[in-house]
Structure formats: C-alpha cells, structure tokens
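Visitor: Sharing a structure here in structure tokens format.
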Amino acid sequence: MRSELRRIFGASWTPAAMATLAVFILGSLTTDRFFSTGNFRNLVLQLAVVAILALGSALIILTGEIDLSSGALVSLLSMVLATLIMPLGLPLPVGLGVVLFTGIFCGLINGILVTYLRVPSFVATLGTLGIFQGIALLFNGGSPISGLGENVQTLFYGRVLGVQYPLFYMVIVLVSLRFFLIKTVTGRSIYAVGGNRTAASLTGLKSNQIRLIAFGISGLLTAMAAILFTARLAAGSPNLGNGLELSAIAAAVVGGISLAGGRGDVLGAIFGTITIVFVQNILNLNAVPPTWQSITQGLIIIAAVSVDSWRGNSVFTRKTKVMPK
Amino acid sequence: MPNNEERSSHMKVSTWEISNVAKSFPGVRALKGVDMTIKGGHIHALIGENGCGKSTLIKILAGVHRSESGEIRRDGQLLDFLDPVESKAAGVATIYQEFSLIPQLNVAENISLGNFPKKSRLRIDSKEVNNRARQVLSLFNIDLDVSREVGSLSVADQQIVEIAKAVSTESQLLILDEPTTALSSSEVARLHNLIKSLAQKGKAILYVSHRLEELFDVADEVTVLRDGAKVAHSEGQFDRQALVEAMVGRSITQLYSKESNATKELALTVHQISSDCGVKRVSLDLHKGEVLGLAGLVGSKRTEIARAIFGADKITQGHIEICGSQLQKISPNKSIKFGVGFVSESRKTQGLFFNLGAPSNITIAGLKKLKRNGILNKKIENEATDSQLETYTVSTNAKTTPVNLLSGGNQQKLVLARWNFANSSVLILDEPTQGIDVGAKHEVYKLISEATARGVAVLLISSELPELLGLSDRVAVVQEGKITEFLDTQNLNEIELLKRI
C-alpha cells in the first residue's frame, strides 16, 4: 500500500495533476460560468488539439532536444490542406494523406538538421520556424482560405461512440505513444538517448536514428493537430499556429517532462495542457485583457521550468546534492 | 623583488590540524574520524588505495564537501569552510588531477585569473600580468613562455602553471592530488624538486598519492588511510613493508587472484588500426580467457586505443577480426553485435543512465532479449535483473533505488552486469575499479576471473600497476598511441614495468 502511494505521489505527472485540480477549484470559485456544459464542451475541443501538439513536443523533449517550429508547421500544413481541397479541388482523403506525409517530412527535416548536420535543436527549429512560417504565407498570397465545407468540418465535430472526435484522437495518440515509449525497444532507447547520449552510443544505441524517429513522429502529430484545427474553422490560415509551440512546450514541461531529457511520462503532458488551457479560459471568463493572458502564460512557462530545475532537490525524485551548502 | 617575496613567505609558517573529521555518503562511510597534522615547511604524504577516503579528505579541506563532525584548525584557529572560495581565502590551494586552467588563455593570464592586477577599476594591467607570471615561475627556476596558450602545453607544464597559480595567491597549504599519474620519470623528478623548494619556503604540502615509490623520494611524513580510517603514520624513516601492509590491509599476494584462464584460441585480432584521436597502427591479439593489460601513463592514449577497438572513435585505418569476420567500419553498435562490451573509465558520464532504474540500466545493451511478440516484457526484465544482481552480489534493494544513490561499487557492478546480460565474449574494461572501495574491488576482480574462466577475453586498462600486473596474463606497453612491446607478467614486477612505460 505504501509503495503504491509512493508510486503515485512520486510519479513525474503528479504535480501537474495537482495543478489541474487546483485550476478546477480556482475556476469554480471565480466564476459560475466555468462549470457550464457549453464552456466544457468548448474547452475539451480546444484542449484536445493542443494536447496532441504537446505530446509531440514531449516526445522531442524526452530525447533531450526541443522543437520550436511546431506552431509554424501547423500554419503551413493548414494552408497546404486548404489549398489542396479548395483551389485544387482534390478529394479530402488525398488532402489528408498529403498533409500527414508533409508533416512527417518536415519533422524529419528538423531531425536531419539536428542529428546528421549537428545543428543544436534550438537553433535548427528556430530556423525552420521561420522557413515554415514563410512558406505558409506563400499560399494564396498570404490570406486565409475559408469555406472548406461541411465535409471537412465533420472531421472535427463528429462523434464516435458518443465521444467527440478530437477527444477520441487525443486518447488514441496518448495511448499509442505511451505504449511505444514504454513497451518498445525504440521507446526505451529514446529515454536512454535523452538521459545520457554518450552512454547510449557506447551501449550500441544509434542515437541519431532514434532522435530522427522521434522528430518524424512529432511531425506526424503536428500534422494531426493542424488537420483538426483547420477542420474546426473549415478554413486554412497562415497564422493558425502562431505561438502554439510555446503552449505545447509549456504543457509538456508543466506535465513533468524534464527539459534535461530522459525523464517524464507523456501522460503528464495531458495534465499540463489541461492546466494551461483552463487557466486561459478562466482568465477569459473573468474578462482579463489578452495582454495579461499572454503575461500569465509566460509566467507559467518560467515557473514550470524553474520547478523542473529545482525538482532535483525535491521529495519527488530525491537526488543527492553533490555540493552541500 | 623575488627576495622580498621569499622572505615574507618565510615568516608565515602555519600548522594545520585536522581532528576527528568524519563524512558519510549514501551507502558509504567515507571517513570515520581522521586526525592529521600538516606542518608548514613539511611535505606530508597521504597515501591509500583508491576508495580509502583520501579524496574525501582533500575535498573537505578544499571546501567542496563539509565534514559531519570534527574540526580543522590553522595555528589553533578554528576554520569552517562553507565552499571552495572560503577555503581558498583561508590559504588552501588544491591542485586536482583535473586542472582548473582555461586552455584558451595563456600562461600569465591563467596564473592571474581571479586576481588580475588592474590599471583602473575596469582595465587589466596586462604588463603586470606577465611580470607576475615570470616572477612566480622564476621562483622555482622554471623556464616557460608566459604568453603561450595553456592548451598547447604538455600535461607536466600545465601542472607547473597550476602550482604557480596556487603559489601566486599566497596559499600556505598546497594539496596535490595524485600529481604524477600523467608524468614521465624525469618530469616527476622536476616536480619533486619544485615541491621541495616550496616546502623550504615554509609552505605546508599535502601530497596525495597511491604510488609508494614516490613518497620515499619526497615526503617528510606519511599518513596511511584505509577504508576511511587512519591506519598508520610515520615520520622520518619509512618502513616500506609496513606501509604497504597498512595500505592494503593484507599481504599483496592475497590481493589479486592470479589464475590464468588464457587459451590459445583467438577471440579478437586488431590489425594496424589508427584513429582520429591519436591511435597509431596498433595491432594485437586477444585470446579467449585471456586478460591483456594496457600499461602506460595517463595521456599515453590507452583509453583511445580501447575506444578505437570498440569503434567509439573514428577509425582512419586498419580493421578488426572477430569470430572469423573482418570488421572494416567499426561502430559500437556493430562491435556489440559481435559480442564486444565496453566499460568506460567514467561510469557516471559515459556508462550509467541516471534517468532509468537499475533494471533498465542492466538490460539496455540487450533489449532484444526482452522482446516477446515485438514488445518489451517486464517480467523477463525483472527476472533477468534479479539474476544479474545476485551474480554480482548487489542487494535487491538496488532494484528500486535511484541509480545515482548507489555506491560506486554497486554502480560499477551494474555496468558490468549489463555486458554479462548482453552475453559479451570480449570485454574492454577501462579503469574498472576507479573510485570504488576495497571490498567492491575484490568482487570486481573475482568477477573478471569468473568471466575469463567462461572464456571471455578481457582488455584491461588500469593506472594501478599492482592491479594491472596482478590481473593480466600479458601487458602491452603503450606510449603516445602506439604499442611498443608486449610483456609476459609472469616475471614482471612493478618497478620493471614503470621503467618501460
């Protein structure tokens, strides 16, 4: 029993789960509209898309890297999808296939820059952020493409077994990603490479190949998020993903995925997303101006990273201090 | 000017008293109440095997660790260092094996670093920087271009710079941690002269070493530590035999189980390999059940040879033959597939995964063995871990303890167990007993001999010559990335080997 308790309270996602709980309480105390069905339905739809993006970011962070380009990639893929369907008039499944494929391809480009070309991921993905964003603006003269039709919207607004599609996709992604990380050789290797890359290559793990796989998968998840976002609006927009990469990274870090790499459970990224999306919602409901929302999100990111760095000294992992003061 | 300085340092002769200093780390009592007096003008040697507590003691003096009990006094005045800065301010300078020099700066800048002479508040007086460096170096008759970049100097010269830096800050207690491991015998002689002249100027010197031969040449006093306790102290006359026995705690012959399991059957052949890290046309044969030692000074590129054979560095020439296959492009991944295992010299940075538990650390090189229907099977992993921990006499508590909290010995056993789990038939062991206690060392020796009995071939690197001689069937002498000769260890002693490396 005690060890079971310790397992739960020692899990990397516990602080994020507690934060989620705290946000719930905060929400219900400050405004009575928070607990309305309409608000919740809306929140869940918003949440699921950010969560899929956050899972991709969490995977990259686990390998010890970072991806700043995911928001820009969402914008680019949104424009790609809209262009394929509207001006080109291709059937929806073809459009979806191309977008998913392009997502993986763009993820792999990030991966190749980071691994074989040895560009630190922070710089490489900052570069591709600019490139993806720029290409997104090349479509349709930089204007949004709207009116994609009901056909597209059902991708987002449909239900399966009574569950809204976005939520359904999120659960599928979460379960398969967790399975991949915990149950497969490659998944285990991702933790090893993220924890100690030198030791990983000296134990025969191909760290470049492994990081490349992670970038590819993350690209795929970004494409899924882009499709859902585009479907929701029935429009492609070159600014759709602005700033989303920060929410995704923040959600992962708030969820206990260590920025140092190799530590954390992707389940935490879901709690992290809930926390961040709900905080935003509560601020909205309380009519806090957007400027302050942005400031709040900045503070949450900083606080989460600081907690991540200090966690070495906390009861959760109980690391020893090398130099006692 | 030098005369003034000489006189002023002559007047300051301090005595340092250490009493009842104790320190524990999770799982180990590193120091169990040690007393010691270090007198100004004396060279006090602190000796003991790796893991005896001497590093802990000097780290306490240097302010890196805090003692749990006991006190340190300088001339009767109580000192309580909270950090290395305070220790330095109290006049203690520690010269570690890893130097604290900045390789991109020149000699003079390194000597003045942290204490630059200034023209005005913001401007460094570079002329004075050079003068000061020349002055200090002339104090001990060393001819060294002060404008040279430190990174381009030999290890021996870097060490001189490090000592000069300590002297220039008017430190009264100089701690030298294993200063000779990277030095040739003529460089050792030069270093010893330098230390003696510093002692004559009234400095107190704590000379830490595990090489007995050296201290007869240089020390005025000797303290021997074993398992965290002071076991012997003598002044003036040294009885070699008694010191050895105090240090080791048993007679040398018992220490290394010398059973040769060497066969004539080849396990691995290295043909003329060179690497981009300085290995030059190295060839060797490794037989099943054999232990081949690589003997050489620190910096002779023993590790680089091991890394080249394993494929961890880029090979520019040559190939390796293993199990009848010729490997041209070697990589760790490929070597491991052919049954080679590599235990690197630094288990913390290159061996262990602190983010994973003990089971994952053991199975990481053989994850394929855990696959059932394509997925990792936790039950098999658990059973495998239990059996490895049992073989390697690690308590089963280690299974749930975070790996960074395990003792050095247990950590090392995890790394060894990893290759055992991966069924390695050739083991490359780089300093496998570094920083582990005597008990754990014995178990490592035992495990090595059990492995060779099963036919595993071992390539061993160790800076401890008795260990290297005791475990190896043959040794290869390494100098500057080349193997100069192979020696049979049957009739080889430490002194003879030292002459050849």
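Each chain in the structure tokens gets a letter, A, B and so on, in the order shown; residues start at 1 in every chain, and ligands are counted from 1 in the order they appear.
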Applying 8 Å and only C-alpha atoms, which residues near range 99-104 of chain B remain after dropping the ones on its own chain fewer than 5 positions away? List them as a list in words.
Guide: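 Final neighbour list, sorted by chain and number: Asn110, Glu149, Val150, Gly151, Ser152, Gln158, Gln159 and Glu162 of chain B.
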Visitor: Using the chain letters and numbers from this document, which residues of range 41-287 of chain A does DSSP assign to alpha helix (DSSP H), as a PyMOL selection string?
Guide: chain A and resi 41-62+70-85+92-114+121-138+150-157+165-183+185-195+197-202+207-233+244-254+267-285
Visitor: Mind running range 165-242 of chain B against range 43-47 of chain B at 8 Å and telling me each contacting residue's nearest atom pair with the distance in Å (one decimal), counting only C-alpha atoms, chain and number ascending, as a Markdown table?
Guide:
| residue | atom | partner | partner_atom | distance |
| --- | --- | --- | --- | --- |
| B:Ile195 | CA | B:Ile43 | CA | 8.0 |
| B:Lys196 | CA | B:Ile43 | CA | 7.6 |
| B:Ala199 | CA | B:Ile43 | CA | 6.6 |
| B:Ala204 | CA | B:Ile43 | CA | 6.5 |
| B:Ile205 | CA | B:Ile43 | CA | 4.8 |
| B:Leu206 | CA | B:His44 | CA | 4.9 |
| B:Tyr207 | CA | B:Ala45 | CA | 4.5 |
| B:Val208 | CA | B:Leu46 | CA | 4.7 |
| B:Ser209 | CA | B:Ile47 | CA | 5.3 |
| B:His210 | CA | B:Ile47 | CA | 5.4 |
| B:Arg211 | CA | B:Ile47 | CA | 7.8 |
| B:Leu212 | CA | B:Ile47 | CA | 7.7 |
| B:Leu215 | CA | B:Ala45 | CA | 6.6 |
| B:Val218 | CA | B:Ile43 | CA | 7.2 |
| B:Ala219 | CA | B:Ile43 | CA | 5.1 |
| B:Asp220 | CA | B:Ile43 | CA | 5.3 |
| B:Glu221 | CA | B:His44 | CA | 4.8 |
| B:Val222 | CA | B:Ala45 | CA | 4.7 |
| B:Thr223 | CA | B:Leu46 | CA | 5.0 |
| B:Val224 | CA | B:Ile47 | CA | 5.0 |
| B:Leu225 | CA | B:Ile47 | CA | 6.3 |
Visitor: How would the residues just picked look written out with C-alpha atoms as a CSV table (one decimal), in the first residue's frame?
Guide:
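Now in selection.csv:
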chain,number,residue,atom,x,y,z
B,195,ILE,CA,57.7,20.8,-4.2
B,196,LYS,CA,60.8,20.6,-2.0
B,199,ALA,CA,58.4,23.4,1.4
B,204,ALA,CA,52.7,23.2,4.0
B,205,ILE,CA,52.3,20.5,1.4
B,206,LEU,CA,49.9,17.6,1.4
B,207,TYR,CA,51.0,15.1,-1.3
B,208,VAL,CA,48.3,12.6,-2.1
B,209,SER,CA,49.3,9.5,-4.0
B,210,HIS,CA,48.8,5.8,-4.3
B,211,ARG,CA,52.3,5.3,-5.6
B,212,LEU,CA,54.5,4.3,-2.7
B,215,LEU,CA,57.0,9.3,-1.4
B,218,VAL,CA,59.9,13.4,-1.4
B,219,ALA,CA,57.9,13.1,1.9
B,220,ASP,CA,58.9,14.1,5.4
B,221,GLU,CA,55.9,12.5,6.9
B,222,VAL,CA,53.4,9.8,5.8
B,223,THR,CA,49.8,9.1,6.8
B,224,VAL,CA,48.1,6.0,5.5
B,225,LEU,CA,44.3,5.8,5.2
Visitor: Compute the set of chain B residues within 8 Å of chain A, using only C-alpha atoms, and express it as a PyMOL selection string.
Guide: chain B and resi 64-66+82-83+312+331-334+336+342+349-356+364-365+367-368+374-377+402+404-405
Visitor: Any chance you can output those residues with C-alpha atoms as a PDB file, in the first residue's frame?
Guide:
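See result-v7.pdb below for the written result:
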ATOM      1  CA  VAL B  64      33.946  21.014  -1.662  1.00  0.00           C
ATOM      2  CA  HIS B  65      32.430  18.748   0.972  1.00  0.00           C
ATOM      3  CA  ARG B  66      31.553  19.605   4.559  1.00  0.00           C
ATOM      4  CA  LEU B  82      31.342  26.508   3.542  1.00  0.00           C
ATOM      5  CA  ASP B  83      32.582  26.403  -0.020  1.00  0.00           C
ATOM      6  CA  ALA B 312      33.758   4.662 -30.374  1.00  0.00           C
ATOM      7  CA  SER B 331      30.926   1.258 -34.583  1.00  0.00           C
ATOM      8  CA  PRO B 332      29.850   0.496 -31.020  1.00  0.00           C
ATOM      9  CA  ASN B 333      26.596  -0.852 -32.399  1.00  0.00           C
ATOM     10  CA  LYS B 334      28.417  -3.303 -34.644  1.00  0.00           C
ATOM     11  CA  ILE B 336      28.264  -5.094 -29.562  1.00  0.00           C
ATOM     12  CA  PHE B 342      32.901  -1.693 -23.195  1.00  0.00           C
ATOM     13  CA  THR B 349      29.071  10.337 -17.541  1.00  0.00           C
ATOM     14  CA  GLN B 350      29.592   7.540 -20.050  1.00  0.00           C
ATOM     15  CA  GLY B 351      28.152   4.435 -18.504  1.00  0.00           C
ATOM     16  CA  LEU B 352      25.033   4.864 -16.433  1.00  0.00           C
ATOM     17  CA  PHE B 353      21.616   6.274 -17.162  1.00  0.00           C
ATOM     18  CA  PHE B 354      20.594   8.137 -14.035  1.00  0.00           C
ATOM     19  CA  ASN B 355      17.142   8.706 -15.503  1.00  0.00           C
ATOM     20  CA  LEU B 356      16.490   4.972 -15.658  1.00  0.00           C
ATOM     21  CA  ILE B 364      19.870  -1.593 -22.152  1.00  0.00           C
ATOM     22  CA  ALA B 365      22.579  -3.267 -24.237  1.00  0.00           C
ATOM     23  CA  LEU B 367      16.927  -5.117 -25.122  1.00  0.00           C
ATOM     24  CA  LYS B 368      16.283  -7.607 -27.934  1.00  0.00           C
ATOM     25  CA  GLY B 374       7.849  -7.375 -30.598  1.00  0.00           C
ATOM     26  CA  ILE B 375       7.273  -5.734 -27.240  1.00  0.00           C
ATOM     27  CA  LEU B 376       9.397  -5.477 -24.123  1.00  0.00           C
ATOM     28  CA  ASN B 377       8.399  -7.977 -21.491  1.00  0.00           C
ATOM     29  CA  PRO B 402      17.703   5.604  -7.908  1.00  0.00           C
ATOM     30  CA  ASN B 404      22.716   7.861  -8.644  1.00  0.00           C
ATOM     31  CA  LEU B 405      22.283   6.970  -4.971  1.00  0.00           C
TER      32      LEU B 405
END
Visitor: How many Å lie between CA of Gly296 in chain B and CA of Phe486 in chain B, rounded to one decimal?
Guide: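 Distance reported for this atom pair: 12.0 Å.
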Visitor: Pick out the residues sitting within 8 Å of range 184-191 of chain B, and hand them over as an MDAnalysis selection string; count only C-alpha atoms, and ignore anything fewer than 6 positions along from it in its own chain.
Guide: chainID B and resid 156 160 297
Visitor: With a distance cut-off of 12 Å and only C-alpha atoms, select the neighbouring residues of Ile60 in chain B, excluding the residue or stretch itself and same-chain residues fewer than 6 positions from it, and output the selection as a PyMOL selection string.
Guide: (chain A and resi 323-324) or (chain B and resi 18+21-24+30-31+34+53-54+66-72+79-84+86-87+92+94+175)
Visitor: I'd like the interatomic distance between CA of Leu92 in chain A and CA of Ser70 in chain A, to a tenth of an Å.
Guide: 23.0 Å
Visitor: Show which residues sit within 8 Å of Leu243 in chain B, as a VMD selection string. Count only C-alpha atoms, and ignore same-chain residues fewer than 4 positions away.
Guide: chain B and resid 224 232 238 to 239 247
Visitor: Just the number, please: distance in Å from CA of Ser260 in chain B to CA of Lys441 in chain B, one decimal.
Guide: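 We find that CA of Ser260 in chain B and CA of Lys441 in chain B lie 18.7 Å from each other.
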Visitor: Hey, which of B:Gly228, B:Gln326, B:Ile163, B:Ser147 ends up closest to Val107 in chain B? Count only C-alpha atoms.
Guide: B:Ser147
